file entry-v4.cif (mmCIF, C-alpha atoms)
data_query
loop_
_atom_site.label_atom_id
_atom_site.label_comp_id
_atom_site.auth_asym_id
_atom_site.auth_seq_id
_atom_site.Cartn_x
_atom_site.Cartn_y
_atom_site.Cartn_z
CA MET V 1 151.49 66.21 118.63
CA LYS V 2 148.45 68.18 119.58
CA ASN V 3 149.70 71.64 118.70
CA ASN V 4 148.21 73.56 115.79
CA LYS V 5 150.29 76.74 115.80
CA TRP V 6 153.07 77.55 113.34
CA SER V 7 156.60 77.92 114.68
CA SER V 8 155.78 76.04 117.85
CA ASP V 9 158.36 74.17 119.90
CA ILE V 10 157.25 70.89 118.33
CA ASP V 11 157.77 72.31 114.83
CA ASN V 12 161.24 73.45 115.80
CA GLN V 13 162.09 70.05 117.31
CA VAL V 14 161.04 68.26 114.09
CA ILE V 15 163.09 70.67 111.96
CA LEU V 16 166.15 70.18 114.13
CA PHE V 17 165.74 66.38 114.36
CA PHE V 18 165.57 65.94 110.56
CA ASN V 19 168.17 68.67 109.96
CA LEU V 20 165.85 70.51 107.58
CA GLU V 21 166.94 73.75 105.99
CA PRO V 22 164.72 76.73 105.43
CA ARG V 23 162.79 76.61 102.20
CA LYS V 24 163.88 79.14 99.62
CA ILE V 25 161.07 81.20 98.21
CA LYS V 26 160.96 83.27 95.10
CA PHE V 27 160.02 86.84 95.82
CA GLN V 28 157.26 88.10 93.63
CA ASN V 29 157.32 91.51 92.07
CA ILE V 30 154.22 93.48 91.31
CA LYS V 31 154.56 95.58 88.17
CA THR V 32 152.17 98.26 87.04
CA CYS V 33 151.16 98.18 83.40
CA TYR V 34 148.81 100.26 81.26
CA TRP V 35 146.65 99.57 78.21
CA ASN V 36 147.07 102.11 75.43
CA PRO V 37 144.62 102.60 72.57
CA PRO V 38 145.96 102.60 69.00
CA SER V 39 147.07 105.79 67.31
CA PRO V 40 144.49 107.58 65.14
CA GLY V 41 144.25 105.88 61.75
CA PHE V 42 144.94 102.42 63.23
CA ILE V 43 142.55 99.76 64.48
CA MET V 44 143.73 97.39 67.21
CA PHE V 45 142.83 93.69 67.16
CA CYS V 46 143.43 92.27 70.65
CA TYR V 47 143.34 88.49 70.31
CA ASP V 48 143.78 85.41 72.43
CA GLY V 49 143.39 81.66 72.23
CA ALA V 50 142.21 79.33 74.97
CA SER V 51 142.22 75.59 75.48
CA ILE V 52 140.55 73.82 78.38
CA GLY V 53 143.01 71.03 79.14
CA ASN V 54 145.72 71.97 76.62
CA PRO V 55 145.00 70.04 74.47
CA GLY V 56 141.29 70.20 75.01
CA LEU V 57 138.28 72.15 73.84
CA ALA V 58 139.79 75.22 72.21
CA GLY V 59 138.54 78.56 70.99
CA PHE V 60 139.72 82.01 70.10
CA GLY V 61 138.58 85.55 70.67
CA VAL V 62 139.33 88.90 69.07
CA VAL V 63 138.30 92.32 70.37
CA ILE V 64 138.50 95.18 67.84
CA ARG V 65 139.20 98.66 69.27
CA ASP V 66 139.66 102.12 67.79
CA HIS V 67 141.78 105.10 68.90
CA LEU V 68 138.93 106.32 71.15
CA SER V 69 139.04 102.95 73.02
CA GLN V 70 135.62 102.00 71.66
CA VAL V 71 134.87 98.34 70.94
CA LEU V 72 134.05 98.16 67.23
CA GLY V 73 133.40 94.44 67.22
CA VAL V 74 134.22 91.03 68.62
CA ILE V 75 134.87 87.62 67.05
CA THR V 76 134.61 84.34 68.93
CA GLY V 77 135.24 80.97 67.39
CA GLY V 78 135.38 77.31 68.28
CA ILE V 79 138.17 75.05 67.08
CA GLY V 80 137.41 71.68 68.65
CA SER V 81 140.21 69.82 70.39
CA ALA V 82 143.50 71.73 70.12
CA THR V 83 146.29 73.38 72.10
CA ASN V 84 146.57 77.02 73.23
CA TYR V 85 149.12 77.61 70.48
CA ILE V 86 146.77 76.40 67.71
CA ALA V 87 144.00 78.55 69.19
CA GLU V 88 146.28 81.62 69.09
CA VAL V 89 147.16 80.90 65.44
CA HIS V 90 143.46 80.68 64.55
CA ALA V 91 142.86 83.98 66.35
CA VAL V 92 145.47 85.74 64.18
CA ILE V 93 144.10 84.31 60.94
CA ASN V 94 140.50 85.15 61.78
CA ALA V 95 141.52 88.66 62.83
CA ILE V 96 143.42 89.38 59.60
CA GLU V 97 140.61 87.94 57.47
CA LEU V 98 138.14 90.24 59.22
CA VAL V 99 140.52 93.15 58.52
CA VAL V 100 140.18 92.36 54.82
CA GLU V 101 136.41 91.81 55.03
CA TRP V 102 135.91 95.17 56.79
CA LYS V 103 138.37 96.86 54.39
CA MET V 104 140.74 98.17 57.06
CA LEU V 105 144.21 99.19 55.94
CA ASN V 106 146.24 99.99 59.07
CA VAL V 107 146.01 97.50 61.92
CA ILE V 108 147.73 96.50 65.13
CA LEU V 109 147.62 92.84 66.16
CA ASN V 110 147.96 92.66 69.94
CA SER V 111 148.60 89.39 71.81
CA GLU V 112 150.19 87.97 74.92
CA SER V 113 151.86 85.17 72.91
CA LYS V 114 155.40 86.19 71.95
CA THR V 115 155.85 82.94 70.04
CA VAL V 116 152.92 83.51 67.70
CA ILE V 117 153.83 87.18 67.20
CA THR V 118 157.42 86.30 66.27
CA GLU V 119 156.35 83.57 63.86
CA PHE V 120 153.91 85.80 61.99
CA GLU V 121 156.32 88.75 61.95
CA ASN V 122 158.96 86.53 60.36
CA ASN V 123 156.52 84.81 57.99
CA GLN V 124 157.19 81.49 59.77
CA MET V 125 153.59 80.63 60.66
CA PRO V 126 152.31 77.04 60.54
CA TRP V 127 151.84 75.60 57.06
CA PHE V 128 148.08 75.14 57.41
CA VAL V 129 147.46 78.92 57.64
CA LYS V 130 150.26 80.23 55.45
CA MET V 131 148.19 80.60 52.24
CA ARG V 132 145.32 82.30 54.09
CA TRP V 133 147.80 84.74 55.67
CA GLN V 134 149.53 85.58 52.37
CA LYS V 135 146.20 86.08 50.60
CA ALA V 136 144.94 88.46 53.32
CA MET V 137 148.21 90.41 53.51
CA LYS V 138 147.78 91.54 49.90
CA HIS V 139 144.95 93.78 51.10
CA VAL V 140 146.57 95.24 54.23
CA GLN V 141 148.61 98.41 53.94
CA SER V 142 150.29 98.44 57.36
CA ILE V 143 150.43 95.89 60.15
CA ILE V 144 152.07 96.24 63.56
CA PHE V 145 152.49 93.35 65.98
CA LEU V 146 152.28 94.27 69.64
CA HIS V 147 152.97 92.11 72.68
CA SER V 148 151.03 92.80 75.85
CA TYR V 149 150.67 91.01 79.15
CA ARG V 150 147.57 88.99 79.99
CA GLU V 151 146.70 91.50 82.70
CA LYS V 152 146.02 94.16 80.06
CA ASN V 153 144.52 91.84 77.44
CA PHE V 154 141.74 90.38 79.57
CA ALA V 155 138.86 91.26 77.22
CA ALA V 156 140.38 89.03 74.51
CA ASP V 157 140.87 86.31 77.13
CA THR V 158 137.16 86.51 77.99
CA THR V 159 136.14 86.17 74.34
CA ALA V 160 138.56 83.26 73.79
CA LYS V 161 137.04 81.38 76.73
CA LYS V 162 133.61 81.99 75.23
CA GLY V 163 134.94 80.48 71.99
CA THR V 164 135.82 77.23 73.77
CA ARG V 165 132.08 76.63 74.26
CA LEU V 166 131.36 76.85 70.52
CA GLU V 167 131.32 73.95 68.08
CA ALA V 168 134.42 73.36 65.94
CA GLY V 169 134.25 75.73 62.96
CA GLN V 170 131.54 77.92 64.47
CA ARG V 171 132.39 81.61 64.40
CA ASN V 172 130.35 84.50 65.80
CA VAL V 173 130.98 88.09 64.77
CA TYR V 174 129.47 90.88 66.86
CA HIS V 175 129.30 94.49 65.72
CA GLY V 176 129.90 96.80 68.65
CA ARG V 177 130.40 95.61 72.21
CA PRO V 178 128.44 92.43 73.01
CA HIS V 179 126.57 91.97 76.28
CA PHE V 180 128.93 89.25 77.55
CA LEU V 181 131.94 91.58 77.46
CA ALA V 182 131.32 93.30 80.79
CA ARG V 183 134.88 94.63 81.24
CA VAL V 184 137.34 96.01 78.72
CA GLU V 185 140.75 97.60 79.17
CA GLN V 186 140.78 101.36 79.61
CA PRO V 187 143.58 103.88 79.11
CA ASN V 188 145.11 105.58 82.17
CA VAL V 189 144.02 102.72 84.45
CA GLU V 190 146.65 100.78 86.37
CA TYR V 191 146.71 97.02 85.87
CA TYR V 192 148.99 94.86 87.98
CA ARG V 193 151.21 92.03 86.84
CA ILE V 194 152.71 89.62 89.37
CA CYS V 195 155.99 88.14 88.18
#
call {"tool": "encode", "arguments": {"input": "entry-v4.cif", "output": "structure tokens"}}
result
Amino acid sequence: MKNNKWSSDIDNQVILFFNLEPRKIKFQNIKTCYWNPPSPGFIMFCYDGASIGNPGLAGFGVVIRDHLSQVLGVITGGIGSATNYIAEVHAVINAIELVVEWKMLNVILNSESKTVITEFENNQMPWFVKMRWQKAMKHVQSIIFLHSYREKNFAADTTAKKGTRLEAGQRNVYHGRPHFLARVEQPNVEYYRIC
């Protein structure tokens, strides 16, 4: 066999000899999605967790945005060795504790993890963060959980990956948009999701 072209006679002979059937492929759809800023009076906390290896070095990131799409601040944190799920849980807790620290009343928690959103909405979060959550919720007037796709939550993904490089327990809070956050989601821009 010296041929290097696809669909050559030799390829066809091999397929017929071994009685191979065509391989079924899954067609991919490309969906357009948009990032929307929060309504006036609300602050959006876009968060994500990351783990290199799952489990592996883990971190979280939170990007805080206002109704004008401005980045008010960013939190990155290191967790040590953990899974993506644990990193997402730490992102929620650190976000809500910053809400209390900054005395914000109406917030939107935005994530790509449906599991974590559902657990916190139903007060079924892991036991090791339950007391911290309940203590923080006493100071929050209104909270909305929002699910978004990774394709329109990429700024939080960037900050979470930065968190994986931090020591366990280390947390950095930035006021305004930090230099390492080169791209953030913008309203009225098309983002594409392949599914």
call {"tool": "resolve_selection", "arguments": {"input": "entry-v4.cif", "expression": "the PyMOL selection byres ((chain V and resi 69) around 10)", "output": "list in words"}}
result
Trp35, Asn36, Pro37, Pro38, Ile43, Met44, Ile64, Arg65, Asp66, His67, Leu68, Gln70, Val71, Leu72, Val184, Glu185, Gln186 and Pro187 of chain V
call {"tool": "write_last_selection", "arguments": {"input": "entry-v4.cif", "atoms": "C-alpha atoms", "output": "short mmCIF file (atom, residue, chain, number, x, y, z; two decimals), keeping the file's coordinate frame"}}
result
data_model
loop_
_atom_site.label_atom_id
_atom_site.label_comp_id
_atom_site.auth_asym_id
_atom_site.auth_seq_id
_atom_site.Cartn_x
_atom_site.Cartn_y
_atom_site.Cartn_z
CA TRP V 35 146.65 99.57 78.21
CA ASN V 36 147.07 102.11 75.43
CA PRO V 37 144.62 102.60 72.57
CA PRO V 38 145.96 102.60 69.00
CA ILE V 43 142.55 99.76 64.48
CA MET V 44 143.73 97.39 67.21
CA ILE V 64 138.50 95.18 67.84
CA ARG V 65 139.20 98.66 69.27
CA ASP V 66 139.66 102.12 67.79
CA HIS V 67 141.78 105.10 68.90
CA LEU V 68 138.93 106.32 71.15
CA GLN V 70 135.62 102.00 71.66
CA VAL V 71 134.87 98.34 70.94
CA LEU V 72 134.05 98.16 67.23
CA VAL V 184 137.34 96.01 78.72
CA GLU V 185 140.75 97.60 79.17
CA GLN V 186 140.78 101.36 79.61
CA PRO V 187 143.58 103.88 79.11
#
call {"tool": "closest_residue", "arguments": {"input": "entry-v4.cif", "among": "V:Glu167, V:Glu190, V:Glu121, V:Glu97", "to": "V:Phe45", "atoms": "only C-alpha atoms"}}
result
V:Glu97
call {"tool": "closest_residue", "arguments": {"input": "entry-v4.cif", "among": "V:Tyr34, V:Tyr85, V:Phe27, V:Phe17", "to": "V:Asn188", "atoms": "only C-alpha atoms"}}
result
V:Tyr34
call {"tool": "atom_distance", "arguments": {"input": "entry-v4.cif", "atom1": "atom CA of V:Gly80", "atom2": "atom CA of V:Asn122"}}
result
27.5 Å
call {"tool": "residues_near_point", "arguments": {"input": "entry-v4.cif", "point": "(149.2, 73.9, 71.8)", "cutoff": "12 Å", "atoms": "all atoms listed in the file", "output": "compact mmCIF listing (two decimals) with C-alpha atoms, in the frame of the given file"}}
result
# COMPACT_ATOMS: atom_id res chain seq x y z
CA GLY V 49 143.39 81.66 72.23
CA ALA V 50 142.21 79.33 74.97
CA SER V 51 142.22 75.59 75.48
CA ILE V 52 140.55 73.82 78.38
CA GLY V 53 143.01 71.03 79.14
CA ASN V 54 145.72 71.97 76.62
CA PRO V 55 145.00 70.04 74.47
CA GLY V 56 141.29 70.20 75.01
CA LEU V 57 138.28 72.15 73.84
CA ALA V 58 139.79 75.22 72.21
CA GLY V 59 138.54 78.56 70.99
CA SER V 81 140.21 69.82 70.39
CA ALA V 82 143.50 71.73 70.12
CA THR V 83 146.29 73.38 72.10
CA ASN V 84 146.57 77.02 73.23
CA TYR V 85 149.12 77.61 70.48
CA ILE V 86 146.77 76.40 67.71
CA ALA V 87 144.00 78.55 69.19
CA GLU V 88 146.28 81.62 69.09
CA VAL V 89 147.16 80.90 65.44
CA HIS V 90 143.46 80.68 64.55
CA SER V 113 151.86 85.17 72.91
CA THR V 115 155.85 82.94 70.04
CA VAL V 116 152.92 83.51 67.70
call {"tool": "resolve_selection", "arguments": {"input": "entry-v4.cif", "expression": "the PyMOL selection byres ((chain V and resi 163) around 9)", "output": "list in words"}}
result
Gly49, Ala50, Ala58, Gly59, Phe60, Gly61, Ile75, Thr76, Gly77, Gly78, Ile79, Thr158, Thr159, Ala160, Lys161, Lys162, Thr164, Arg165, Leu166, Glu167, Gln170, Arg171 and Asn172 of chain V
call {"tool": "atom_distance", "arguments": {"input": "entry-v4.cif", "atom1": "atom CA of V:Leu98", "atom2": "atom CA of V:Lys138"}}
result
13.5 Å
call {"tool": "atom_distance", "arguments": {"input": "entry-v4.cif", "atom1": "atom CA of V:Ala95", "atom2": "atom CA of V:Val62"}}
result
6.6 Å
call {"tool": "closest_residue", "arguments": {"input": "entry-v4.cif", "among": "V:Lys152, V:Phe18, V:Asp9, V:Tyr174", "to": "V:Thr32", "atoms": "only C-alpha atoms"}}
result
V:Lys152
call {"tool": "resolve_selection", "arguments": {"input": "entry-v4.cif", "expression": "the PyMOL selection byres ((chain V and resi 129) around 12)", "output": "list in words"}}
result
Ile86, Glu88, Val89, His90, Ala91, Val92, Ile93, Asn94, Ile96, Glu97, Glu119, Phe120, Asn123, Gln124, Met125, Pro126, Trp127, Phe128, Lys130, Met131, Arg132, Trp133, Gln134, Lys135 and Ala136 of chain V
call {"tool": "closest_residue", "arguments": {"input": "entry-v4.cif", "among": "V:Gln13, V:Asn153, V:Asn106, V:Ser111", "to": "V:Gln141", "atoms": "only C-alpha atoms"}}
result
V:Asn106
call {"tool": "closest_residue", "arguments": {"input": "entry-v4.cif", "among": "V:Ile15, V:Val74, V:Ala155, V:Val189", "to": "V:Cys33", "atoms": "only C-alpha atoms"}}
result
V:Val189
